[in-house]
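Q: Just one file: final.txt, with compact mmCIF, C-alpha atoms (C1' of nucleotides).
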# COMPACT_ATOMS: atom_id res chain seq x y z
CA MET A 1 -22.28 -80.73 -84.71
CA SER A 2 -18.92 -79.33 -83.80
CA ALA A 3 -17.70 -79.57 -87.39
CA PRO A 4 -19.63 -76.55 -88.69
CA LEU A 5 -18.55 -74.62 -85.62
CA THR A 6 -14.94 -75.43 -86.37
CA LEU A 7 -15.35 -74.14 -89.89
CA VAL A 8 -17.10 -71.01 -88.68
CA GLY A 9 -14.27 -70.55 -86.24
CA LYS A 10 -11.86 -70.60 -89.14
CA GLY A 11 -13.57 -67.63 -90.71
CA ARG A 12 -16.19 -69.25 -92.88
CA HIS A 13 -19.77 -68.08 -92.89
CA PHE A 14 -22.37 -70.64 -91.92
CA ALA A 15 -24.54 -69.74 -94.90
CA SER A 16 -21.75 -70.64 -97.27
CA LEU A 17 -21.11 -74.11 -95.84
CA GLY A 18 -22.18 -77.16 -97.77
CA ILE A 19 -23.10 -80.62 -96.62
CA ARG A 20 -20.00 -82.16 -98.11
CA GLU A 21 -17.79 -79.59 -96.49
CA VAL A 22 -19.26 -80.21 -93.06
CA THR A 23 -19.04 -83.98 -93.31
CA ARG A 24 -15.48 -83.73 -94.57
CA GLN A 25 -14.58 -81.69 -91.51
CA ALA A 26 -16.36 -84.22 -89.33
CA GLY A 27 -14.31 -87.03 -90.86
CA VAL A 28 -17.39 -88.76 -92.16
CA VAL A 29 -18.83 -89.63 -95.52
CA PRO A 30 -21.31 -87.09 -97.01
CA THR A 31 -24.32 -89.36 -96.92
CA SER A 32 -23.99 -89.77 -93.18
CA PHE A 33 -25.16 -86.22 -92.83
CA TYR A 34 -28.74 -87.25 -93.47
CA ARG A 35 -28.72 -89.61 -90.53
CA HIS A 36 -28.74 -86.60 -88.25
CA PHE A 37 -30.06 -83.59 -90.14
CA ARG A 38 -32.55 -83.02 -92.88
CA ASN A 39 -30.51 -80.18 -94.36
CA MET A 40 -28.20 -77.34 -93.35
CA ASP A 41 -31.03 -75.29 -91.91
CA ASP A 42 -31.92 -78.14 -89.62
CA LEU A 43 -28.31 -78.32 -88.47
CA GLY A 44 -28.38 -74.61 -87.81
CA LEU A 45 -31.50 -74.88 -85.71
CA GLN A 46 -29.95 -77.57 -83.57
CA LEU A 47 -26.93 -75.36 -83.11
CA VAL A 48 -29.21 -72.57 -81.92
CA ASP A 49 -30.60 -74.92 -79.30
CA GLU A 50 -27.12 -75.69 -78.08
CA LEU A 51 -26.33 -72.01 -78.12
CA GLY A 52 -29.15 -71.61 -75.64
CA LEU A 53 -27.31 -73.93 -73.24
CA VAL A 54 -24.13 -71.92 -73.59
CA LEU A 55 -25.97 -68.71 -72.80
CA ARG A 56 -27.65 -70.27 -69.79
CA ARG A 57 -24.34 -71.43 -68.41
CA MET A 58 -23.04 -67.92 -68.81
CA MET A 59 -26.02 -66.47 -66.98
CA ARG A 60 -25.64 -68.90 -64.14
CA GLU A 61 -22.00 -68.03 -63.69
CA ALA A 62 -22.85 -64.36 -63.73
CA ARG A 63 -25.49 -64.83 -61.07
CA GLU A 64 -23.11 -66.75 -58.85
CA ASN A 65 -20.30 -64.24 -59.12
CA VAL A 66 -22.09 -60.94 -58.95
CA LEU A 67 -22.43 -60.36 -55.26
CA GLN A 68 -22.20 -56.62 -54.72
CA ALA A 69 -24.39 -54.45 -56.91
CA ASP A 70 -21.69 -51.85 -57.44
CA LYS A 71 -19.49 -54.31 -59.32
CA LEU A 72 -22.37 -55.69 -61.33
CA ILE A 73 -21.45 -54.20 -64.67
CA ASP A 74 -17.73 -54.84 -64.47
CA GLU A 75 -18.17 -58.41 -63.37
CA SER A 76 -20.83 -59.19 -65.93
CA VAL A 77 -18.88 -57.76 -68.82
CA GLY A 78 -15.83 -59.72 -67.69
CA ILE A 79 -17.77 -62.95 -67.54
CA PHE A 80 -19.32 -62.25 -70.90
CA ILE A 81 -15.96 -61.66 -72.50
CA SER A 82 -14.40 -64.78 -71.06
CA HIS A 83 -17.33 -66.90 -72.20
CA ALA A 84 -17.29 -65.33 -75.62
CA GLN A 85 -13.64 -66.28 -75.94
CA ALA A 86 -14.08 -69.75 -74.55
CA ASN A 87 -16.91 -70.43 -76.99
CA ARG A 88 -15.67 -68.30 -79.81
CA SER A 89 -17.17 -70.37 -82.59
CA PHE A 90 -20.56 -70.52 -80.94
CA PHE A 91 -20.75 -66.80 -80.62
CA LEU A 92 -19.50 -66.32 -84.14
CA PHE A 93 -22.33 -68.51 -85.27
CA MET A 94 -24.72 -66.41 -83.25
CA ALA A 95 -23.47 -63.15 -84.71
CA GLN A 96 -23.75 -64.56 -88.22
CA GLY A 97 -27.17 -66.01 -87.66
CA LEU A 98 -28.68 -62.69 -86.65
CA ALA A 99 -28.53 -61.60 -90.26
CA GLY A 100 -28.32 -65.06 -91.76
CA GLU A 101 -30.34 -66.42 -94.60
CA SER A 102 -32.56 -68.78 -92.67
CA ARG A 103 -35.48 -66.97 -91.14
CA ALA A 104 -35.92 -69.79 -88.64
CA ILE A 105 -32.37 -69.55 -87.33
CA GLN A 106 -32.66 -65.80 -87.18
CA GLU A 107 -35.81 -66.07 -85.13
CA GLY A 108 -34.25 -68.70 -82.90
CA ILE A 109 -31.31 -66.51 -81.99
CA ARG A 110 -33.52 -63.51 -81.50
CA SER A 111 -35.65 -65.55 -79.18
CA GLU A 112 -32.61 -66.58 -77.14
CA MET A 113 -31.72 -62.92 -76.81
CA ARG A 114 -35.20 -62.04 -75.66
CA TYR A 115 -35.04 -64.75 -73.05
CA PHE A 116 -31.69 -63.48 -71.91
CA ALA A 117 -33.08 -59.96 -71.60
CA SER A 118 -36.06 -61.09 -69.57
CA GLU A 119 -33.84 -63.04 -67.20
CA LEU A 120 -31.71 -59.96 -66.77
CA ALA A 121 -34.82 -57.98 -65.94
CA ASN A 122 -35.74 -60.53 -63.28
CA ASP A 123 -32.31 -60.32 -61.73
CA LEU A 124 -32.37 -56.54 -61.59
CA ARG A 125 -35.77 -56.62 -59.93
CA ARG A 126 -34.54 -59.17 -57.44
CA LEU A 127 -31.56 -57.01 -56.56
CA LYS A 128 -33.96 -54.09 -55.92
CA LEU A 129 -32.02 -51.90 -58.30
CA VAL A 130 -34.87 -50.74 -60.47
CA ASP A 131 -37.85 -50.14 -58.23
CA HIS A 132 -38.83 -46.94 -59.95
CA LEU A 133 -39.27 -48.53 -63.38
CA SER A 134 -42.37 -50.01 -64.90
CA ASP A 135 -42.19 -53.54 -66.28
CA GLY A 136 -42.35 -52.30 -69.83
CA ASP A 137 -39.56 -49.80 -69.34
CA LEU A 138 -37.39 -52.31 -67.55
CA GLU A 139 -37.87 -54.78 -70.35
CA MET A 140 -36.93 -52.12 -72.87
CA ILE A 141 -33.80 -51.22 -70.95
CA CYS A 142 -32.69 -54.82 -70.61
CA ASP A 143 -33.28 -55.30 -74.30
CA LEU A 144 -30.98 -52.39 -75.03
CA VAL A 145 -28.37 -53.81 -72.69
CA VAL A 146 -28.44 -57.17 -74.39
CA ARG A 147 -28.25 -55.60 -77.83
CA SER A 148 -25.31 -53.46 -76.86
CA VAL A 149 -23.46 -56.42 -75.48
CA ALA A 150 -24.30 -58.46 -78.54
CA PHE A 151 -22.88 -55.76 -80.75
CA SER A 152 -19.73 -55.64 -78.69
CA LEU A 153 -19.56 -59.32 -79.35
CA THR A 154 -18.94 -58.63 -83.01
CA ASP A 155 -16.12 -56.30 -82.03
CA LEU A 156 -14.64 -58.94 -79.80
CA LEU A 157 -14.86 -61.67 -82.39
CA GLY A 158 -13.11 -59.44 -84.87
CA VAL A 159 -9.89 -59.31 -82.87
CA SER A 160 -7.55 -62.09 -81.92
CA ALA A 161 -8.32 -63.48 -78.48
CA ASP A 162 -4.78 -62.93 -77.27
CA ASP A 163 -4.52 -59.33 -78.39
CA GLU A 164 -4.93 -58.22 -74.82
CA TYR A 165 -4.83 -54.54 -75.56
CA GLN A 166 -7.71 -54.65 -78.01
CA VAL A 167 -9.74 -56.95 -75.79
CA GLU A 168 -9.23 -54.57 -72.92
CA GLN A 169 -10.40 -51.67 -75.08
CA ILE A 170 -13.55 -53.54 -75.96
CA ARG A 171 -14.11 -54.45 -72.33
CA LYS A 172 -13.82 -50.84 -71.24
CA ARG A 173 -16.02 -49.58 -74.01
CA THR A 174 -18.74 -52.12 -73.36
CA THR A 175 -18.62 -51.30 -69.67
CA ARG A 176 -19.08 -47.64 -70.42
CA PHE A 177 -22.00 -48.37 -72.70
CA LEU A 178 -23.73 -50.21 -69.91
CA GLN A 179 -22.90 -47.52 -67.36
CA LEU A 180 -24.40 -44.94 -69.66
CA ILE A 181 -27.54 -46.99 -70.13
CA PHE A 182 -27.93 -47.45 -66.39
CA VAL A 183 -27.43 -43.76 -65.76
CA GLY A 184 -30.23 -43.22 -68.23
CA ALA A 185 -32.32 -45.82 -66.42
CA GLU A 186 -31.83 -44.10 -63.06
CA HIS A 187 -33.22 -40.85 -64.40
CA TRP A 188 -35.80 -42.34 -66.64
CA ASP A 189 -39.33 -42.23 -65.33
CA ASN A 190 -39.78 -38.47 -65.09
CA ARG A 191 -39.36 -38.44 -68.84
CA ARG A 192 -42.40 -40.53 -69.67
CA PRO A 193 -45.36 -38.76 -71.24
CA MET B 1 -23.70 -54.40 -109.04
CA SER B 2 -27.42 -54.39 -108.41
CA ALA B 3 -27.68 -58.09 -109.17
CA PRO B 4 -26.19 -59.30 -105.87
CA LEU B 5 -28.34 -56.76 -104.05
CA THR B 6 -31.42 -58.16 -105.72
CA LEU B 7 -30.48 -61.64 -104.60
CA VAL B 8 -29.77 -60.46 -101.07
CA GLY B 9 -33.14 -58.72 -101.13
CA LYS B 10 -34.74 -62.07 -101.93
CA GLY B 11 -33.36 -63.55 -98.74
CA ARG B 12 -30.03 -64.92 -99.85
CA HIS B 13 -26.87 -64.30 -97.87
CA PHE B 14 -24.11 -62.52 -99.68
CA ALA B 15 -21.53 -65.05 -98.51
CA SER B 16 -23.44 -67.83 -100.18
CA LEU B 17 -23.65 -66.18 -103.58
CA GLY B 18 -21.54 -67.48 -106.44
CA ILE B 19 -20.21 -65.79 -109.52
CA ARG B 20 -22.47 -67.72 -111.83
CA GLU B 21 -25.48 -66.91 -109.73
CA VAL B 22 -24.75 -63.22 -109.78
CA THR B 23 -24.11 -63.06 -113.50
CA ARG B 24 -27.24 -65.08 -114.16
CA GLN B 25 -29.24 -62.53 -112.18
CA ALA B 26 -27.51 -59.75 -114.10
CA GLY B 27 -28.50 -61.37 -117.39
CA VAL B 28 -24.92 -61.78 -118.45
CA VAL B 29 -22.58 -64.63 -119.17
CA PRO B 30 -20.41 -65.82 -116.23
CA THR B 31 -17.08 -64.84 -117.73
CA SER B 32 -18.22 -61.22 -117.98
CA PHE B 33 -17.94 -61.04 -114.23
CA TYR B 34 -14.17 -60.81 -114.44
CA ARG B 35 -14.39 -57.68 -116.57
CA HIS B 36 -15.53 -55.81 -113.48
CA PHE B 37 -14.47 -57.69 -110.37
CA ARG B 38 -11.58 -59.88 -109.42
CA ASN B 39 -13.77 -62.08 -107.22
CA MET B 40 -16.80 -61.91 -104.95
CA ASP B 41 -14.89 -60.14 -102.21
CA ASP B 42 -13.97 -57.41 -104.61
CA LEU B 43 -17.62 -57.03 -105.56
CA GLY B 44 -18.50 -56.80 -101.88
CA LEU B 45 -15.97 -54.07 -101.28
CA GLN B 46 -17.37 -52.01 -104.13
CA LEU B 47 -20.82 -52.45 -102.65
CA VAL B 48 -19.52 -51.16 -99.34
CA ASP B 49 -18.32 -48.04 -101.11
CA GLU B 50 -21.75 -47.50 -102.59
CA LEU B 51 -23.26 -48.13 -99.20
CA GLY B 52 -21.27 -45.17 -98.01
CA LEU B 53 -23.07 -42.98 -100.51
CA VAL B 54 -26.44 -44.22 -99.32
CA LEU B 55 -25.56 -43.43 -95.73
CA ARG B 56 -24.34 -39.97 -96.65
CA ARG B 57 -27.56 -39.21 -98.46
CA MET B 58 -29.44 -40.28 -95.38
CA MET B 59 -27.34 -38.04 -93.17
CA ARG B 60 -27.86 -35.08 -95.43
CA GLU B 61 -31.61 -35.52 -95.39
CA ALA B 62 -31.56 -35.82 -91.63
CA ARG B 63 -29.57 -32.62 -91.30
CA GLU B 64 -31.95 -30.74 -93.56
CA ASN B 65 -35.08 -31.90 -91.81
CA VAL B 66 -34.12 -31.75 -88.17
CA LEU B 67 -34.77 -28.17 -87.28
CA GLN B 68 -35.93 -28.13 -83.68
CA ALA B 69 -33.82 -30.04 -81.21
CA ASP B 70 -36.81 -31.44 -79.35
CA LYS B 71 -37.92 -33.43 -82.40
CA LEU B 72 -34.42 -34.61 -83.20
CA ILE B 73 -34.84 -38.21 -82.18
CA ASP B 74 -38.29 -38.74 -83.64
CA GLU B 75 -37.35 -37.16 -86.94
CA SER B 76 -34.07 -38.98 -87.24
CA VAL B 77 -35.55 -42.36 -86.50
CA GLY B 78 -38.26 -41.69 -89.03
CA ILE B 79 -35.78 -40.75 -91.71
CA PHE B 80 -33.68 -43.76 -90.88
CA ILE B 81 -36.62 -46.11 -91.22
CA SER B 82 -37.78 -44.66 -94.49
CA HIS B 83 -34.28 -44.89 -95.94
CA ALA B 84 -33.85 -48.41 -94.66
CA GLN B 85 -37.03 -49.40 -96.45
CA ALA B 86 -36.21 -47.53 -99.62
CA ASN B 87 -32.80 -49.22 -99.79
CA ARG B 88 -33.77 -52.48 -98.20
CA SER B 89 -31.25 -54.61 -100.04
CA PHE B 90 -28.40 -52.27 -99.29
CA PHE B 91 -29.09 -52.35 -95.61
CA LEU B 92 -29.55 -56.09 -95.67
CA PHE B 93 -26.12 -56.32 -97.21
CA MET B 94 -24.78 -54.10 -94.48
CA ALA B 95 -26.32 -56.15 -91.70
CA GLN B 96 -24.94 -59.33 -93.24
CA GLY B 97 -21.51 -57.91 -93.80
CA LEU B 98 -21.02 -56.99 -90.17
CA ALA B 99 -20.55 -60.65 -89.38
CA GLY B 100 -19.67 -61.75 -92.87
CA GLU B 101 -16.81 -63.92 -93.92
CA SER B 102 -14.66 -61.30 -95.57
CA ARG B 103 -12.61 -59.42 -93.04
CA ALA B 104 -12.18 -56.56 -95.50
CA ILE B 105 -15.91 -56.08 -96.02
CA GLN B 106 -16.46 -56.30 -92.29
CA GLU B 107 -13.90 -53.61 -91.68
CA GLY B 108 -15.34 -51.47 -94.45
CA ILE B 109 -18.81 -51.48 -92.96
CA ARG B 110 -17.45 -50.89 -89.50
CA SER B 111 -15.55 -47.94 -90.82
CA GLU B 112 -18.70 -46.48 -92.39
CA MET B 113 -20.39 -46.79 -89.04
CA ARG B 114 -17.55 -45.01 -87.28
CA TYR B 115 -17.73 -42.20 -89.79
CA PHE B 116 -21.46 -41.97 -89.25
CA ALA B 117 -20.95 -41.79 -85.50
CA SER B 118 -18.36 -39.06 -85.77
CA GLU B 119 -20.61 -36.98 -88.03
CA LEU B 120 -23.38 -37.39 -85.49
CA ALA B 121 -21.04 -36.15 -82.79
CA ASN B 122 -20.25 -33.08 -84.88
CA ASP B 123 -23.91 -32.33 -85.37
CA LEU B 124 -24.70 -32.64 -81.70
CA ARG B 125 -21.85 -30.29 -80.87
CA ARG B 126 -23.06 -27.83 -83.47
CA LEU B 127 -26.55 -27.87 -81.99
CA LYS B 128 -25.04 -27.09 -78.58
CA LEU B 129 -26.80 -30.05 -77.04
CA VAL B 130 -23.83 -31.69 -75.40
CA ASP B 131 -21.67 -28.95 -73.99
CA HIS B 132 -21.02 -30.79 -70.76
CA LEU B 133 -19.45 -33.83 -72.43
CA SER B 134 -15.83 -34.47 -73.23
CA ASP B 135 -14.94 -35.43 -76.79
CA GLY B 136 -14.23 -38.98 -75.78
CA ASP B 137 -17.52 -39.40 -73.98
CA LEU B 138 -19.45 -37.83 -76.81
CA GLU B 139 -17.81 -40.15 -79.27
CA MET B 140 -18.69 -43.12 -77.07
CA ILE B 141 -22.29 -42.02 -76.81
CA CYS B 142 -22.65 -41.51 -80.54
CA ASP B 143 -21.13 -44.90 -81.10
CA LEU B 144 -23.76 -46.44 -78.87
CA VAL B 145 -26.48 -44.56 -80.70
CA VAL B 146 -25.29 -45.80 -84.06
CA ARG B 147 -25.02 -49.35 -82.80
CA SER B 148 -28.49 -49.30 -81.35
CA VAL B 149 -29.94 -48.00 -84.56
CA ALA B 150 -27.97 -50.57 -86.54
CA PHE B 151 -29.37 -53.31 -84.39
CA SER B 152 -32.88 -51.99 -84.88
CA LEU B 153 -32.10 -52.25 -88.54
CA THR B 154 -31.98 -56.02 -88.26
CA ASP B 155 -35.38 -55.93 -86.59
CA LEU B 156 -36.74 -53.78 -89.35
CA LEU B 157 -35.35 -55.92 -92.12
CA GLY B 158 -36.92 -58.95 -90.54
CA VAL B 159 -40.46 -57.71 -91.02
CA SER B 160 -42.31 -56.96 -94.21
CA ALA B 161 -42.09 -53.29 -95.16
CA ASP B 162 -45.85 -52.95 -95.36
CA ASP B 163 -46.60 -54.52 -92.01
CA GLU B 164 -47.29 -51.08 -90.61
CA TYR B 165 -47.99 -52.26 -87.11
CA GLN B 166 -44.66 -54.01 -86.71
CA VAL B 167 -42.76 -51.17 -88.31
CA GLU B 168 -44.43 -48.76 -85.92
CA GLN B 169 -43.43 -50.95 -82.99
CA ILE B 170 -39.83 -50.91 -84.12
CA ARG B 171 -39.95 -47.18 -84.63
CA LYS B 172 -41.26 -46.60 -81.12
CA ARG B 173 -38.79 -48.96 -79.57
CA THR B 174 -35.82 -47.44 -81.36
CA THR B 175 -36.97 -44.00 -80.35
CA ARG B 176 -37.15 -45.04 -76.72
CA PHE B 177 -33.68 -46.57 -76.92
CA LEU B 178 -32.30 -43.27 -78.11
CA GLN B 179 -34.26 -41.30 -75.53
CA LEU B 180 -32.84 -43.50 -72.82
CA ILE B 181 -29.33 -43.03 -74.10
CA PHE B 182 -29.73 -39.28 -74.21
CA VAL B 183 -31.15 -39.21 -70.71
CA GLY B 184 -28.02 -41.07 -69.71
CA ALA B 185 -25.91 -38.57 -71.60
CA GLU B 186 -27.54 -35.62 -69.85
CA HIS B 187 -26.59 -37.00 -66.44
CA TRP B 188 -23.30 -38.45 -67.44
CA ASP B 189 -20.26 -36.47 -66.45
CA ASN B 190 -20.76 -36.56 -62.67
CA ARG B 191 -20.27 -40.26 -62.98
CA ARG B 192 -16.74 -40.14 -64.36
CA PRO B 193 -13.90 -41.24 -62.08
C1' DA C 1 -28.20 -114.40 -77.74
C1' DC C 2 -30.90 -112.50 -81.11
C1' DT C 3 -33.65 -108.93 -83.07
C1' DT C 4 -34.09 -104.16 -84.10
C1' DA C 5 -32.61 -99.66 -84.64
C1' DA C 6 -29.02 -96.32 -85.29
C1' DT C 7 -25.23 -94.91 -87.68
C1' DG C 8 -21.46 -95.08 -91.08
C1' DT C 9 -19.70 -96.61 -96.01
C1' DG C 10 -19.28 -96.94 -101.10
C1' DT C 11 -20.81 -96.00 -105.44
C1' DA C 12 -23.19 -93.35 -108.66
C1' DC C 13 -25.22 -89.44 -111.32
C1' DG C 14 -26.73 -85.19 -113.01
C1' DA C 15 -26.38 -80.34 -111.82
C1' DT C 16 -23.58 -76.52 -110.74
C1' DT C 17 -19.41 -74.32 -109.80
C1' DG C 18 -15.03 -71.24 -110.89
C1' DT C 19 -12.25 -69.99 -114.39
C1' DA C 20 -9.29 -70.20 -118.76
C1' DC C 21 -9.14 -68.92 -123.60
C1' DA C 22 -10.28 -67.18 -128.09
C1' DC C 23 -13.51 -64.38 -130.32
C1' DA C 24 -17.31 -60.79 -131.17
C1' DT C 25 -19.35 -56.39 -130.45
C1' DG C 26 -19.73 -51.81 -129.10
C1' DT C 27 -17.53 -47.16 -127.46
C1' DT C 28 -14.15 -43.59 -127.32
C1' DG C 29 -10.46 -40.54 -128.67
C1' DT C 30 -7.95 -38.78 -132.37
C1' DA D 1 -12.02 -43.46 -140.34
C1' DC D 2 -9.36 -46.01 -137.69
C1' DA D 3 -6.99 -47.61 -133.73
C1' DA D 4 -7.38 -48.66 -128.81
C1' DC D 5 -10.09 -50.14 -125.42
C1' DA D 6 -14.03 -51.82 -122.68
C1' DT D 7 -17.31 -55.08 -122.39
C1' DG D 8 -20.01 -59.20 -123.57
C1' DT D 9 -20.13 -64.18 -125.75
C1' DG D 10 -19.22 -69.14 -126.46
C1' DT D 11 -16.97 -73.15 -125.49
C1' DA D 12 -14.59 -76.07 -122.50
C1' DC D 13 -13.06 -78.72 -118.36
C1' DA D 14 -11.99 -80.38 -114.01
C1' DA D 15 -13.80 -79.90 -109.40
C1' DT D 16 -17.46 -79.86 -106.36
C1' DC D 17 -22.04 -80.12 -105.13
C1' DG D 18 -26.57 -82.48 -103.17
C1' DT D 19 -28.65 -86.61 -102.88
C1' DA D 20 -30.36 -91.46 -103.99
C1' DC D 21 -29.61 -96.32 -103.09
C1' DA D 22 -27.84 -100.65 -101.37
C1' DC D 23 -24.86 -102.46 -98.02
C1' DA D 24 -21.85 -102.85 -93.63
C1' DT D 25 -21.13 -102.08 -88.87
C1' DT D 26 -22.21 -100.96 -84.26
C1' DA D 27 -25.44 -100.20 -80.18
C1' DA D 28 -29.65 -101.14 -77.56
C1' DG D 29 -33.55 -103.69 -75.95
C1' DT D 30 -35.56 -108.07 -75.19
Could you show the structure in this file as structure tokens?

A:
Amino acid sequence: MSAPLTLVGKGRHFASLGIREVTRQAGVVPTSFYRHFRNMDDLGLQLVDELGLVLRRMMREARENVLQADKLIDESVGIFISHAQANRSFFLFMAQGLAGESRAIQEGIRSEMRYFASELANDLRRLKLVDHLSDGDLEMICDLVVRSVAFSLTDLLGVSADDEYQVEQIRKRTTRFLQLIFVGAEHWDNRRP
Amino acid sequence: MSAPLTLVGKGRHFASLGIREVTRQAGVVPTSFYRHFRNMDDLGLQLVDELGLVLRRMMREARENVLQADKLIDESVGIFISHAQANRSFFLFMAQGLAGESRAIQEGIRSEMRYFASELANDLRRLKLVDHLSDGDLEMICDLVVRSVAFSLTDLLGVSADDEYQVEQIRKRTTRFLQLIFVGAEHWDNRRP
DNA sequence: ACTTAATGTGTACGATTGTACACATGTTGT
DNA sequence: ACAACATGTGTACAATCGTACACATTAAGT
């Protein structure tokens, strides 16, 4: 399963990978592929499942490290960036899959993102940071947060991991996005019809 | 050039298309491909250029139709959705290209988005809606707006164009995203260090 | 220890791929 | 009308593709 990720990490698009290519990278004969996966879509779906684990690990680390609320955004963005770099190929796969050609993979990734957003909503509730928001509004806001971060992901994956200047720019920009969203959230409810 | 778009519209990913496939769709013999494009990447780049035209048409229509500032968001989202549906394949190509395998295409699409964001910033300035914001902050905010809309695009392209209920949900959600961002923008500058 | 299941190998085949080359057809400018 | 050019065609070939099948090896359960 790491073979397709390696190839994706080298710049290939998952949709353009073939069975032979993957098995070659895995150092295995093509027909062995069918011992584990029915086809490339099936492989992709299993990768989505593993992606879920990666995201959960990231969430856990964020929860452990974010102690004071005032550093919440900075810390979270930092953790996100370091995980994105440590699992570069996984996140590349995720970014590709969002507009990929398999509807099932697309839906799988989208579902992981929804889960992530709902967990974020729980955490914010728990930290008593959003008492003035309805559940629906909070969910909407967390969705926007997750989307913004996911989009920053594509920025991040576009630059070399050791180009510290660019990474820092992306970190700052993402942080400002989230600050802006939370400023909006603070002043939100008086705006509802 | 419409052949690859047709294929993308049928659910294929641009990165997985081959020369023969494209020429077959175009009703032309494979070797004719080389009369127009050096390779698939070249084709993709030319599509990005045409995508620019589509986006500019959309901007123009938005500028003509948005008369009162209070309807700005609703109108713009509406225009965006109708254009996205009228040029479904083009926008699918755009969504795919953002995480595609050609760095050049990626950068091309990103550049179109930056241009779009900067035009939006100009318009907001012209409408005197953002006098309290610095240029840098305004640019950041417009960037976030464009990204959010672009992400909604992937939602929109995932549902059938005549599933009116789903489309309406996406329209409402996108509108709320933008409202939230603008609420944040209104209360922004006191937050700067 | 012996059976059973899981996984990898080797060979094979027809379909499809990218691309080279020579040739045909249509279009444009003079 | 005729040359120059743009575009499409036909043929060809080696490389690669997905996948079927029979067989070998390793791991697990009894």

Q: Report, in Å with one decimal, the straight-line distance from atom CA of A:Met94 to atom CA of A:Val183.

A: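 About the pair atom CA of A:Met94 and atom CA of A:Val183: they are 28.7 Å apart.
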
Q: Return the neighbours of chain B among the residues of chain A, cut-off 7 Å, counting only C-alpha atoms, as a list of chain:residue names.

A: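 The selection requested is A:Gly11, A:Arg12, A:His13, A:Ala15, A:Ser16, A:Ala95, A:Gln96, A:Ala99, A:Gly100, A:Glu101, A:Leu144, A:Ser148, A:Thr154, A:Phe177, A:Leu180, A:Ile181, A:Val183, A:Gly184, A:Ala185, A:His187, A:Trp188.
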
Q: Put those residues in a file: C-alpha atoms, as a PDB file, in the coordinates of the input.

A:
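Done, and the output landed in part.pdb:
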ATOM      1  CA  GLY A  11     -13.570 -67.630 -90.710  1.00  0.00           C
ATOM      2  CA  ARG A  12     -16.190 -69.250 -92.880  1.00  0.00           C
ATOM      3  CA  HIS A  13     -19.770 -68.080 -92.890  1.00  0.00           C
ATOM      4  CA  ALA A  15     -24.540 -69.740 -94.900  1.00  0.00           C
ATOM      5  CA  SER A  16     -21.750 -70.640 -97.270  1.00  0.00           C
ATOM      6  CA  ALA A  95     -23.470 -63.150 -84.710  1.00  0.00           C
ATOM      7  CA  GLN A  96     -23.750 -64.560 -88.220  1.00  0.00           C
ATOM      8  CA  ALA A  99     -28.530 -61.600 -90.260  1.00  0.00           C
ATOM      9  CA  GLY A 100     -28.320 -65.060 -91.760  1.00  0.00           C
ATOM     10  CA  GLU A 101     -30.340 -66.420 -94.600  1.00  0.00           C
ATOM     11  CA  LEU A 144     -30.980 -52.390 -75.030  1.00  0.00           C
ATOM     12  CA  SER A 148     -25.310 -53.460 -76.860  1.00  0.00           C
ATOM     13  CA  THR A 154     -18.940 -58.630 -83.010  1.00  0.00           C
ATOM     14  CA  PHE A 177     -22.000 -48.370 -72.700  1.00  0.00           C
ATOM     15  CA  LEU A 180     -24.400 -44.940 -69.660  1.00  0.00           C
ATOM     16  CA  ILE A 181     -27.540 -46.990 -70.130  1.00  0.00           C
ATOM     17  CA  VAL A 183     -27.430 -43.760 -65.760  1.00  0.00           C
ATOM     18  CA  GLY A 184     -30.230 -43.220 -68.230  1.00  0.00           C
ATOM     19  CA  ALA A 185     -32.320 -45.820 -66.420  1.00  0.00           C
ATOM     20  CA  HIS A 187     -33.220 -40.850 -64.400  1.00  0.00           C
ATOM     21  CA  TRP A 188     -35.800 -42.340 -66.640  1.00  0.00           C
TER      22      TRP A 188
END

Q: Find the residue from B:Gly108, B:Val146, B:Ala117, B:Gly78 that sits nearest to B:Val167; use all atoms listed in the file when measuring.

A: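 Selected residue with least distance to B:Val167: B:Gly78.
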
Q: Once you add 3 Å to each side, what are the centre and edge lengths of the axis-aligned box holding all listed atoms of stretch 88-93 of chain A? One decimal in Å, as JSON, if you can.

A:
{"center_x": -19.0, "center_y": -68.4, "center_z": -82.5, "size_x": 12.7, "size_y": 10.2, "size_z": 11.5}

Q: For atom CA of B:Gly136 and atom CA of B:Ala62, determine how far apart the two atoms are, in Å to one decimal place.

A: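 Interatomic distance here is 23.7 Å.
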
Q: In Å, rounded to a single decimal, give me how far atom CA of B:Ile105 is from atom CA of A:Leu7.

A: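 We find that atom CA of A:Leu7 and atom CA of B:Ile105 lie 19.1 Å from each other.
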
Q: At a cut-off of 12 Å, using only C-alpha atoms (C1' of nucleotides), what residues contact C:DT3? Leave out same-chain residues fewer than 3 positions from it and give the result as a count of residues only.

A: 3

Q: Between C:DT19, C:DT9, C:DT30, C:DT25, which is the closest to B:Asn39 once you count all atoms listed in the file?

A: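 Residue with the minimum atom-to-atom distance to B:Asn39: C:DT19.
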
Q: Residues of chain A within 12 Å of chain C, counting all atoms listed in the file - could you list those as a list in words?

A: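 My answer is Thr23, Gly27, Val28, Val29, Pro30, Thr31, Ser32, Phe33, Tyr34, Arg35 and His36 of chain A.
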
Q: Just want the 8 Å neighbourhood of stretch 43-60 of chain B, counted on only C-alpha atoms (C1' of nucleotides), with same-chain residues fewer than 2 positions away dropped. Output as a ChimeraX atom specification.

A: /B:1,37-41,62-64,79-80,83,90,94,104-105,108-109,112,116

Q: Mind checking which residues fall within 8 Å of B:Ser118, counting only C-alpha atoms (C1' of nucleotides), ignoring those fewer than 2 positions away in the same chain, and posting them as a ChimeraX atom specification?

A: /B:114-116,120-122,139,142-143
